[in-house]
Structure formats: structure tokens, C-alpha cells
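Visitor: For reference, this is start.txt, and it has compact mmCIF, N, CA and C atoms.
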# COMPACT_ATOMS: atom_id res chain seq x y z
N MET A 69 -3.00 -5.51 12.77
CA MET A 69 -2.18 -4.89 11.75
C MET A 69 -0.93 -5.74 11.56
N ALA A 70 -1.11 -6.95 11.13
CA ALA A 70 0.01 -7.88 11.00
C ALA A 70 0.78 -7.70 9.70
N ASP A 71 0.14 -7.16 8.69
CA ASP A 71 0.82 -6.99 7.41
C ASP A 71 0.65 -5.56 6.92
N VAL A 72 1.48 -5.17 5.99
CA VAL A 72 1.49 -3.78 5.54
C VAL A 72 0.20 -3.40 4.79
N LEU A 73 -0.39 -4.32 4.05
CA LEU A 73 -1.63 -4.01 3.35
C LEU A 73 -2.74 -3.70 4.35
N SER A 74 -2.82 -4.47 5.42
CA SER A 74 -3.81 -4.21 6.47
C SER A 74 -3.55 -2.86 7.14
N ALA A 75 -2.29 -2.53 7.33
CA ALA A 75 -1.94 -1.24 7.94
C ALA A 75 -2.37 -0.10 7.03
N ILE A 76 -2.12 -0.22 5.74
CA ILE A 76 -2.54 0.82 4.80
C ILE A 76 -4.06 0.98 4.85
N ARG A 77 -4.76 -0.14 4.86
CA ARG A 77 -6.23 -0.11 4.90
C ARG A 77 -6.72 0.56 6.17
N GLU A 78 -6.18 0.15 7.31
CA GLU A 78 -6.60 0.72 8.60
C GLU A 78 -6.39 2.23 8.63
N TYR A 79 -5.22 2.67 8.20
CA TYR A 79 -4.93 4.09 8.21
C TYR A 79 -5.77 4.85 7.20
N ASN A 80 -6.04 4.27 6.06
CA ASN A 80 -6.87 4.91 5.05
C ASN A 80 -8.31 5.05 5.53
N VAL A 81 -8.87 3.98 6.06
CA VAL A 81 -10.27 3.99 6.52
C VAL A 81 -10.45 4.98 7.68
N ASN A 82 -9.48 5.02 8.58
CA ASN A 82 -9.59 5.90 9.75
C ASN A 82 -9.03 7.29 9.50
N LYS A 83 -8.67 7.57 8.25
CA LYS A 83 -8.16 8.89 7.84
C LYS A 83 -6.96 9.34 8.68
N LYS A 84 -6.12 8.39 9.04
CA LYS A 84 -4.90 8.71 9.79
C LYS A 84 -3.81 9.08 8.79
N ASP A 85 -2.94 9.97 9.20
CA ASP A 85 -1.81 10.34 8.35
C ASP A 85 -0.80 9.22 8.30
N ILE A 86 -0.33 8.94 7.11
CA ILE A 86 0.72 7.95 6.90
C ILE A 86 2.01 8.72 6.70
N GLU A 87 2.96 8.50 7.57
CA GLU A 87 4.22 9.24 7.52
C GLU A 87 5.22 8.52 6.63
N GLU A 88 5.88 9.29 5.78
CA GLU A 88 6.93 8.76 4.92
C GLU A 88 8.21 9.51 5.24
N ARG A 89 9.25 8.74 5.57
CA ARG A 89 10.52 9.38 5.92
C ARG A 89 11.67 8.43 5.63
N ASN A 90 12.69 8.94 4.95
CA ASN A 90 13.92 8.19 4.69
C ASN A 90 13.67 6.82 4.04
N GLY A 91 12.77 6.79 3.09
CA GLY A 91 12.49 5.54 2.39
C GLY A 91 11.62 4.57 3.16
N LEU A 92 11.08 5.04 4.29
CA LEU A 92 10.21 4.21 5.11
C LEU A 92 8.80 4.78 5.12
N VAL A 93 7.84 3.90 5.33
CA VAL A 93 6.45 4.30 5.54
C VAL A 93 6.13 3.87 6.97
N ILE A 94 5.68 4.84 7.77
CA ILE A 94 5.54 4.61 9.21
C ILE A 94 4.07 4.62 9.60
N PHE A 95 3.67 3.56 10.29
CA PHE A 95 2.32 3.40 10.81
C PHE A 95 2.45 3.24 12.32
N GLY A 96 2.35 4.33 13.06
CA GLY A 96 2.48 4.25 14.51
C GLY A 96 3.86 3.78 14.92
N ASP A 97 3.92 2.61 15.56
CA ASP A 97 5.20 2.10 16.04
C ASP A 97 5.82 1.06 15.10
N LYS A 98 5.27 0.95 13.90
CA LYS A 98 5.81 0.00 12.91
C LYS A 98 6.14 0.75 11.62
N ALA A 99 7.17 0.27 10.93
CA ALA A 99 7.57 0.90 9.67
C ALA A 99 7.96 -0.18 8.67
N TRP A 100 7.70 0.11 7.41
CA TRP A 100 8.11 -0.77 6.31
C TRP A 100 8.86 0.06 5.29
N GLN A 101 9.76 -0.58 4.55
CA GLN A 101 10.40 0.07 3.42
C GLN A 101 9.33 0.40 2.38
N LYS A 102 9.49 1.50 1.66
CA LYS A 102 8.54 1.84 0.60
C LYS A 102 8.49 0.75 -0.46
N THR A 103 9.60 0.08 -0.63
CA THR A 103 9.69 -0.95 -1.66
C THR A 103 9.21 -2.33 -1.18
N ALA A 104 8.74 -2.40 0.06
CA ALA A 104 8.25 -3.68 0.59
C ALA A 104 7.05 -4.15 -0.22
N LYS A 105 7.01 -5.45 -0.46
CA LYS A 105 5.90 -6.02 -1.20
C LYS A 105 4.74 -6.29 -0.26
N THR A 106 3.53 -6.01 -0.76
CA THR A 106 2.31 -6.36 -0.02
C THR A 106 1.93 -7.78 -0.42
N ASN A 107 0.79 -8.24 0.04
CA ASN A 107 0.31 -9.56 -0.36
C ASN A 107 -0.83 -9.47 -1.38
N TYR A 108 -0.90 -8.34 -2.10
CA TYR A 108 -1.91 -8.16 -3.14
C TYR A 108 -1.28 -8.51 -4.49
N VAL A 109 -1.80 -9.55 -5.11
CA VAL A 109 -1.24 -10.08 -6.36
C VAL A 109 -1.62 -9.18 -7.53
N GLN A 110 -0.64 -8.87 -8.37
CA GLN A 110 -0.89 -8.06 -9.56
C GLN A 110 -1.67 -8.86 -10.60
N TYR A 111 -2.60 -8.18 -11.24
CA TYR A 111 -3.39 -8.79 -12.30
C TYR A 111 -2.46 -9.35 -13.38
N GLY A 112 -2.79 -10.56 -13.85
CA GLY A 112 -2.04 -11.17 -14.94
C GLY A 112 -0.83 -11.97 -14.48
N THR A 113 -0.61 -12.02 -13.17
CA THR A 113 0.51 -12.82 -12.66
C THR A 113 -0.04 -13.98 -11.84
N GLY A 114 0.78 -14.98 -11.64
CA GLY A 114 0.38 -16.12 -10.83
C GLY A 114 -0.46 -17.15 -11.56
N LYS A 115 -0.54 -17.03 -12.86
CA LYS A 115 -1.32 -17.99 -13.66
C LYS A 115 -0.51 -18.42 -14.87
N GLU A 116 -0.80 -19.59 -15.34
CA GLU A 116 -0.18 -20.11 -16.57
C GLU A 116 1.33 -19.93 -16.57
N SER A 117 1.96 -20.42 -15.57
CA SER A 117 3.42 -20.42 -15.40
C SER A 117 4.05 -19.02 -15.33
N VAL A 118 3.24 -18.02 -15.02
CA VAL A 118 3.76 -16.67 -14.79
C VAL A 118 3.87 -16.49 -13.27
N ALA A 119 5.05 -16.18 -12.79
CA ALA A 119 5.26 -16.04 -11.35
C ALA A 119 4.39 -14.93 -10.77
N LYS A 120 3.97 -15.10 -9.53
CA LYS A 120 3.19 -14.08 -8.85
C LYS A 120 4.05 -12.85 -8.60
N GLU A 121 3.48 -11.71 -8.87
CA GLU A 121 4.10 -10.43 -8.54
C GLU A 121 3.14 -9.71 -7.61
N TYR A 122 3.69 -8.96 -6.69
CA TYR A 122 2.89 -8.26 -5.69
C TYR A 122 3.13 -6.75 -5.78
N TYR A 123 2.07 -5.99 -5.49
CA TYR A 123 2.22 -4.54 -5.46
C TYR A 123 3.06 -4.13 -4.26
N THR A 124 3.81 -3.06 -4.43
CA THR A 124 4.64 -2.54 -3.35
C THR A 124 3.88 -1.47 -2.57
N VAL A 125 4.42 -1.13 -1.41
CA VAL A 125 3.82 -0.11 -0.56
C VAL A 125 3.74 1.22 -1.30
N ASP A 126 4.86 1.64 -1.91
CA ASP A 126 4.85 2.94 -2.59
C ASP A 126 3.86 2.97 -3.74
N CYS A 127 3.69 1.87 -4.43
CA CYS A 127 2.74 1.77 -5.53
C CYS A 127 1.31 2.01 -5.03
N ILE A 128 0.94 1.36 -3.95
CA ILE A 128 -0.42 1.50 -3.40
C ILE A 128 -0.64 2.89 -2.82
N LEU A 129 0.36 3.42 -2.12
CA LEU A 129 0.21 4.77 -1.56
C LEU A 129 0.10 5.81 -2.67
N PHE A 130 0.83 5.62 -3.75
CA PHE A 130 0.74 6.55 -4.88
C PHE A 130 -0.67 6.53 -5.46
N LEU A 131 -1.27 5.35 -5.56
CA LEU A 131 -2.65 5.26 -6.04
C LEU A 131 -3.59 6.03 -5.12
N LEU A 132 -3.46 5.82 -3.81
CA LEU A 132 -4.35 6.50 -2.87
C LEU A 132 -4.21 8.02 -2.95
N LYS A 133 -3.00 8.50 -3.17
CA LYS A 133 -2.77 9.95 -3.26
C LYS A 133 -3.29 10.52 -4.57
N ASN A 134 -3.41 9.68 -5.60
CA ASN A 134 -3.77 10.15 -6.93
C ASN A 134 -5.04 9.51 -7.48
N VAL A 135 -5.87 9.02 -6.59
CA VAL A 135 -7.08 8.30 -6.99
C VAL A 135 -8.04 9.21 -7.77
N HIS A 136 -7.95 10.49 -7.57
CA HIS A 136 -8.83 11.45 -8.24
C HIS A 136 -8.48 11.64 -9.72
N LEU A 137 -7.31 11.20 -10.13
CA LEU A 137 -6.87 11.39 -11.52
C LEU A 137 -7.47 10.32 -12.44
N PRO A 138 -7.75 10.68 -13.69
CA PRO A 138 -8.12 9.65 -14.67
C PRO A 138 -6.94 8.67 -14.79
N HIS A 139 -7.24 7.42 -15.12
CA HIS A 139 -6.20 6.38 -15.10
C HIS A 139 -5.00 6.74 -15.97
N ALA A 140 -5.24 7.26 -17.16
CA ALA A 140 -4.12 7.59 -18.06
C ALA A 140 -3.21 8.65 -17.45
N MET A 141 -3.78 9.64 -16.79
CA MET A 141 -2.98 10.70 -16.17
C MET A 141 -2.23 10.13 -14.95
N TYR A 142 -2.90 9.27 -14.21
CA TYR A 142 -2.27 8.61 -13.06
C TYR A 142 -1.04 7.82 -13.52
N VAL A 143 -1.16 7.11 -14.63
CA VAL A 143 -0.05 6.31 -15.17
C VAL A 143 1.10 7.23 -15.58
N ARG A 144 0.78 8.35 -16.22
CA ARG A 144 1.84 9.31 -16.61
C ARG A 144 2.55 9.88 -15.40
N GLN A 145 1.79 10.26 -14.38
CA GLN A 145 2.38 10.82 -13.16
C GLN A 145 3.29 9.78 -12.49
N ALA A 146 2.84 8.55 -12.45
CA ALA A 146 3.64 7.49 -11.84
C ALA A 146 4.93 7.28 -12.61
N ALA A 147 4.83 7.28 -13.93
CA ALA A 147 6.03 7.10 -14.76
C ALA A 147 7.02 8.23 -14.53
N GLN A 148 6.52 9.45 -14.41
CA GLN A 148 7.40 10.60 -14.14
C GLN A 148 8.09 10.46 -12.79
N GLY A 149 7.38 9.89 -11.82
CA GLY A 149 7.95 9.72 -10.48
C GLY A 149 8.66 8.39 -10.29
N ASN A 150 8.73 7.60 -11.38
CA ASN A 150 9.37 6.28 -11.33
C ASN A 150 8.74 5.37 -10.27
N VAL A 151 7.41 5.43 -10.20
CA VAL A 151 6.64 4.61 -9.25
C VAL A 151 5.85 3.59 -10.05
N PRO A 152 5.87 2.32 -9.65
CA PRO A 152 5.06 1.32 -10.35
C PRO A 152 3.57 1.65 -10.19
N VAL A 153 2.77 1.27 -11.16
CA VAL A 153 1.33 1.59 -11.11
C VAL A 153 0.50 0.36 -10.74
N VAL A 154 -0.67 0.64 -10.19
CA VAL A 154 -1.67 -0.40 -9.99
C VAL A 154 -2.36 -0.56 -11.34
N ARG A 155 -2.39 -1.78 -11.82
CA ARG A 155 -2.97 -2.05 -13.14
C ARG A 155 -4.48 -1.80 -13.11
N ARG A 156 -4.97 -1.32 -14.22
CA ARG A 156 -6.38 -0.94 -14.30
C ARG A 156 -7.33 -2.05 -13.83
N PRO A 157 -7.15 -3.32 -14.22
CA PRO A 157 -8.08 -4.35 -13.75
C PRO A 157 -8.09 -4.54 -12.23
N ASP A 158 -7.02 -4.13 -11.54
CA ASP A 158 -6.96 -4.27 -10.08
C ASP A 158 -7.49 -3.05 -9.34
N ARG A 159 -7.56 -1.94 -10.02
CA ARG A 159 -7.82 -0.66 -9.36
C ARG A 159 -9.11 -0.65 -8.55
N ARG A 160 -10.23 -1.02 -9.14
CA ARG A 160 -11.53 -0.95 -8.45
C ARG A 160 -11.55 -1.89 -7.24
N ASP A 161 -11.10 -3.12 -7.43
CA ASP A 161 -11.12 -4.10 -6.35
C ASP A 161 -10.19 -3.68 -5.20
N LEU A 162 -9.00 -3.22 -5.53
CA LEU A 162 -8.06 -2.79 -4.50
C LEU A 162 -8.60 -1.60 -3.73
N LEU A 163 -9.15 -0.61 -4.43
CA LEU A 163 -9.71 0.56 -3.75
C LEU A 163 -10.91 0.19 -2.89
N ALA A 164 -11.73 -0.75 -3.34
CA ALA A 164 -12.86 -1.20 -2.53
C ALA A 164 -12.36 -1.81 -1.22
N TYR A 165 -11.30 -2.58 -1.30
CA TYR A 165 -10.71 -3.16 -0.08
C TYR A 165 -10.11 -2.07 0.80
N LEU A 166 -9.33 -1.18 0.23
CA LEU A 166 -8.64 -0.14 1.01
C LEU A 166 -9.62 0.86 1.62
N ASN A 167 -10.80 1.00 1.03
CA ASN A 167 -11.82 1.91 1.56
C ASN A 167 -12.85 1.20 2.42
N ALA A 168 -12.61 -0.08 2.72
CA ALA A 168 -13.49 -0.91 3.56
C ALA A 168 -14.89 -1.07 2.97
N GLU A 169 -14.99 -1.02 1.65
CA GLU A 169 -16.25 -1.31 0.99
C GLU A 169 -16.43 -2.82 0.88
N THR A 170 -15.31 -3.55 0.93
CA THR A 170 -15.31 -5.01 0.99
C THR A 170 -14.37 -5.42 2.13
N THR A 171 -14.58 -6.63 2.64
CA THR A 171 -13.75 -7.08 3.76
C THR A 171 -12.48 -7.78 3.32
N THR A 172 -12.48 -8.26 2.08
CA THR A 172 -11.30 -8.95 1.55
C THR A 172 -11.32 -8.85 0.03
N SER A 173 -10.37 -9.51 -0.59
CA SER A 173 -10.29 -9.53 -2.05
C SER A 173 -9.72 -10.87 -2.48
N GLY A 174 -10.16 -11.36 -3.60
CA GLY A 174 -9.61 -12.59 -4.16
C GLY A 174 -8.16 -12.44 -4.58
N SER A 175 -7.70 -11.20 -4.70
CA SER A 175 -6.31 -10.95 -5.09
C SER A 175 -5.35 -10.89 -3.90
N ILE A 176 -5.88 -10.98 -2.70
CA ILE A 176 -5.01 -11.00 -1.52
C ILE A 176 -4.54 -12.44 -1.32
N ASP A 177 -3.24 -12.61 -1.38
CA ASP A 177 -2.63 -13.94 -1.25
C ASP A 177 -2.30 -14.18 0.22
N LYS A 178 -3.12 -14.98 0.87
CA LYS A 178 -2.93 -15.26 2.30
C LYS A 178 -1.70 -16.12 2.57
N SER A 179 -1.16 -16.74 1.52
CA SER A 179 0.03 -17.58 1.70
C SER A 179 1.31 -16.86 1.27
N ALA A 180 1.19 -15.59 0.90
CA ALA A 180 2.38 -14.83 0.45
C ALA A 180 3.31 -14.59 1.63
N PRO A 181 4.60 -14.60 1.38
CA PRO A 181 5.53 -14.26 2.47
C PRO A 181 5.36 -12.78 2.81
N LEU A 182 5.19 -12.50 4.09
CA LEU A 182 4.97 -11.13 4.52
C LEU A 182 6.28 -10.46 4.90
N GLU A 183 6.39 -9.20 4.52
CA GLU A 183 7.55 -8.40 4.91
C GLU A 183 7.41 -8.10 6.40
N ILE A 184 8.48 -8.28 7.13
CA ILE A 184 8.48 -8.02 8.57
C ILE A 184 8.67 -6.53 8.80
N PRO A 185 7.79 -5.93 9.62
CA PRO A 185 7.96 -4.50 9.88
C PRO A 185 9.16 -4.22 10.77
N ILE A 186 9.62 -3.00 10.70
CA ILE A 186 10.70 -2.54 11.56
C ILE A 186 10.04 -1.81 12.71
N SER A 187 10.49 -2.05 13.90
CA SER A 187 9.95 -1.36 15.06
C SER A 187 10.43 0.09 15.04
N ALA A 188 9.51 1.03 15.06
CA ALA A 188 9.87 2.45 15.00
C ALA A 188 10.81 2.86 16.14
N PRO A 189 10.63 2.39 17.38
CA PRO A 189 11.59 2.76 18.43
C PRO A 189 13.02 2.32 18.11
N LYS A 190 13.18 1.20 17.41
CA LYS A 190 14.52 0.75 17.03
C LYS A 190 15.16 1.69 16.02
N LEU A 191 14.32 2.42 15.31
CA LEU A 191 14.82 3.37 14.33
C LEU A 191 15.06 4.74 14.94
N GLY A 192 14.71 4.87 16.22
CA GLY A 192 14.81 6.17 16.86
C GLY A 192 13.64 7.06 16.51
N LEU A 193 12.54 6.45 16.08
CA LEU A 193 11.33 7.20 15.74
C LEU A 193 10.36 7.07 16.90
N TYR A 194 10.10 8.15 17.55
CA TYR A 194 9.19 8.14 18.68
C TYR A 194 8.05 9.09 18.41
N VAL A 195 6.90 8.72 18.88
CA VAL A 195 5.74 9.57 18.73
C VAL A 195 5.42 10.15 20.10
N CYS A 196 5.33 11.46 20.18
CA CYS A 196 5.03 12.13 21.43
C CYS A 196 3.56 12.51 21.43
N VAL A 197 2.88 12.23 22.54
CA VAL A 197 1.49 12.61 22.69
C VAL A 197 1.43 13.63 23.80
N LEU A 198 0.92 14.79 23.46
CA LEU A 198 0.80 15.87 24.45
C LEU A 198 -0.61 15.87 24.99
N LYS A 199 -0.74 15.92 26.30
CA LYS A 199 -2.04 15.96 26.94
C LYS A 199 -2.21 17.31 27.62
N ASP A 200 -3.43 17.79 27.59
CA ASP A 200 -3.72 19.08 28.25
C ASP A 200 -3.69 18.94 29.74
Please go through the file and, once you have read it, give me the structure as C-alpha cells.
Guide:
Amino acid sequence: MADVLSAIREYNVNKKDIEERNGLVIFGDKAWQKTAKTNYVQYGTGKESVAKEYYTVDCILFLLKNVHLPHAMYVRQAAQGNVPVVRRPDRRDLLAYLNAETTTSGSIDKSAPLEIPISAPKLGLYVCVLKD
């Protein structure tokens, strides 16, 4: 789980709860800002002198929470919540990756600068495990 996109995928596939608190998204002992960029390149960027743009954590999580909605309704809901949307041409490929239907995607930029996670213990976030 070296990058946030991998963390989202791991938690989604294993049906683990993703905790959101104080502008952070927490995956076990690691946390990222909601606004942190992933390494998934947005459709239509990175070509013909257009700079690469990457989807943010909150953008991808919003898609996962609203995947059941028709695309037009999803876009309206995102606009109301001021959340960037996953573009329609990326939706199927990104969801296939996040649901482990594929092992990778051509839109994952392996050379993208990765956002460094924050250690949850440094934030005072501890997870308690109770044993019987």
C-alpha cells in the first residue's frame, strides 16, 4: 500500500471501511488529505501539450459511494457537493481497477509524484483492537 490509489483499491476490494475525518482519509495507520492527488491520469490530459491532471482522493471516493447513480445524476450530486467528478471515459476503467477486475490500468502513471501519507499515530489517531 505504497500509494493512495492502491490503498483505496485494497480497502474497496476487501470491503474495509474507509474513515474520513478532519479533511483526511484514513487507511489503518496511514492517512492522506482528501485533496491529495492519486496517480490516475484524467482523460484528455497529458497529451498534445496539455499538462497531466490526476484525480484526487475525494473525487474517487465520491465515485465509489455513488457508483449506483446514472452518470448525469452523479455529476449533479458532485457539483452540489463541490467535488470533482471522474470523467465518463475513465469511469469503467477506473472502477474495473478499483474492483480488482483488472490488475492495472493504462491511465495509472507510474512516474507520477506520489503524495506522502501521514502516519496516523503522529496525528493522534489510534486504532484499538479488542480481543475476547
Visitor: For region 89-93 of chain A, work out the shell of residues within 6.5 Å, counting only N, CA and C atoms and skipping chain neighbours fewer than 6 positions away, then give it as a PyMOL selection string.
Guide: chain A and resi 99-103
Visitor: Can I get the selection written as a short mmCIF file (atom, residue, chain, number, x, y, z; two decimals), in the coordinates of the input, with N, CA and C atoms?
Guide:
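The file below, out-v3.cif, is the result:
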data_model
loop_
_atom_site.label_atom_id
_atom_site.label_comp_id
_atom_site.auth_asym_id
_atom_site.auth_seq_id
_atom_site.Cartn_x
_atom_site.Cartn_y
_atom_site.Cartn_z
N ALA A 99 7.17 0.27 10.93
CA ALA A 99 7.57 0.90 9.67
C ALA A 99 7.96 -0.18 8.67
N TRP A 100 7.70 0.11 7.41
CA TRP A 100 8.11 -0.77 6.31
C TRP A 100 8.86 0.06 5.29
N GLN A 101 9.76 -0.58 4.55
CA GLN A 101 10.40 0.07 3.42
C GLN A 101 9.33 0.40 2.38
N LYS A 102 9.49 1.50 1.66
CA LYS A 102 8.54 1.84 0.60
C LYS A 102 8.49 0.75 -0.46
N THR A 103 9.60 0.08 -0.63
CA THR A 103 9.69 -0.95 -1.66
C THR A 103 9.21 -2.33 -1.18
#
Visitor: Please give the complete set of residues from region 73-151 of chain A that DSSP, run on the backbone, assigns to strand (DSSP E or B), formatted as number ranges by chain.
Guide: A: 87-89, 92-95, 98-101, 105-109, 122-124
Visitor: Between CA of Leu182 (chain A) and CA of Asp97 (chain A), what is the spacing in Å?
Guide: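 The value is 17.5 Å.
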Visitor: Which residues, written as a PyMOL selection string, have at least one atom at most 8 Å from Ser173 (chain A), with only N, CA and C atoms counted and residues fewer than 3 positions away on the same chain left out?
Guide: chain A and resi 161-162+164-165+170+176-177
Visitor: Mind pulling up the distance from atom N of Thr106 (chain A) to CA of Ala75 (chain A)?
Guide: 11.3 Å
Visitor: Looking at A:Arg159, A:Lys98, A:Arg144, A:Lys105, which one is nearest to Tyr123 (chain A), with distances taken over only C-alpha atoms?
Guide: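 Among the listed residues, A:Lys105 lies closest to Tyr123 (chain A).
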Visitor: Have a look at CA of Pro157 (chain A) and CA of Val143 (chain A) and let me know their distance in Å, one decimal.
Guide: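 Going from CA of Pro157 (chain A) over to CA of Val143 (chain A) covers 13.4 Å.
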Visitor: Which of these, A:Gly96, A:Val125, A:Ala119, A:Tyr142, has the shortest distance to Leu73 (chain A) once you count all atoms listed in the file?
Guide: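 Counting all atoms listed in the file, the residue closest to Leu73 (chain A) is A:Val125.
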Visitor: Find the residues near region 153-155 of chain A: any atom within 7 Å, counting only C-alpha atoms, skip ones fewer than 6 places away on the same chain, and give them as a list in words.
Guide: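 My reading of the contact set: Tyr111, Cys127, Ile128, Leu131, Val143 and Ala146 of chain A.
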Visitor: Would you return as a VMD selection string the members of chain A that DSSP assigns to helix (DSSP H, G or I) on this structure's backbone?
Guide: chain A and resid 72 to 81 125 to 133 139 to 148 156 to 166 188 to 191
Visitor: Please define a box with edges along x, y and z of the file around all atoms of region 156-173 of chain A given in the file, extend it by 8 Å on each side, and return its centre and edge lengths in Å to one decimal, as AutoDock Vina command-line options.
Guide:
--center_x -10.7 --center_y -4.5 --center_z -5.3 --size_x 27.5 --size_y 28.8 --size_z 34.1
Visitor: Have a look at A:Asp71, A:Ala104, A:Ala140, A:Arg77 and name the one nearest to Ala168 (chain A); count all atoms listed in the file.
Guide: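 Of A:Asp71, A:Ala104, A:Ala140, A:Arg77, the one nearest Ala168 (chain A), counting all atoms listed in the file, is A:Arg77.
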Visitor: Out of A:Phe95, A:Asn107, A:Asn134, A:Glu88, which residue has the shortest atom-to-atom distance to Ser179 (chain A) when counting only N, CA and C atoms?
Guide: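 Among the listed residues, the smallest separation from Ser179 (chain A) belongs to A:Asn107.
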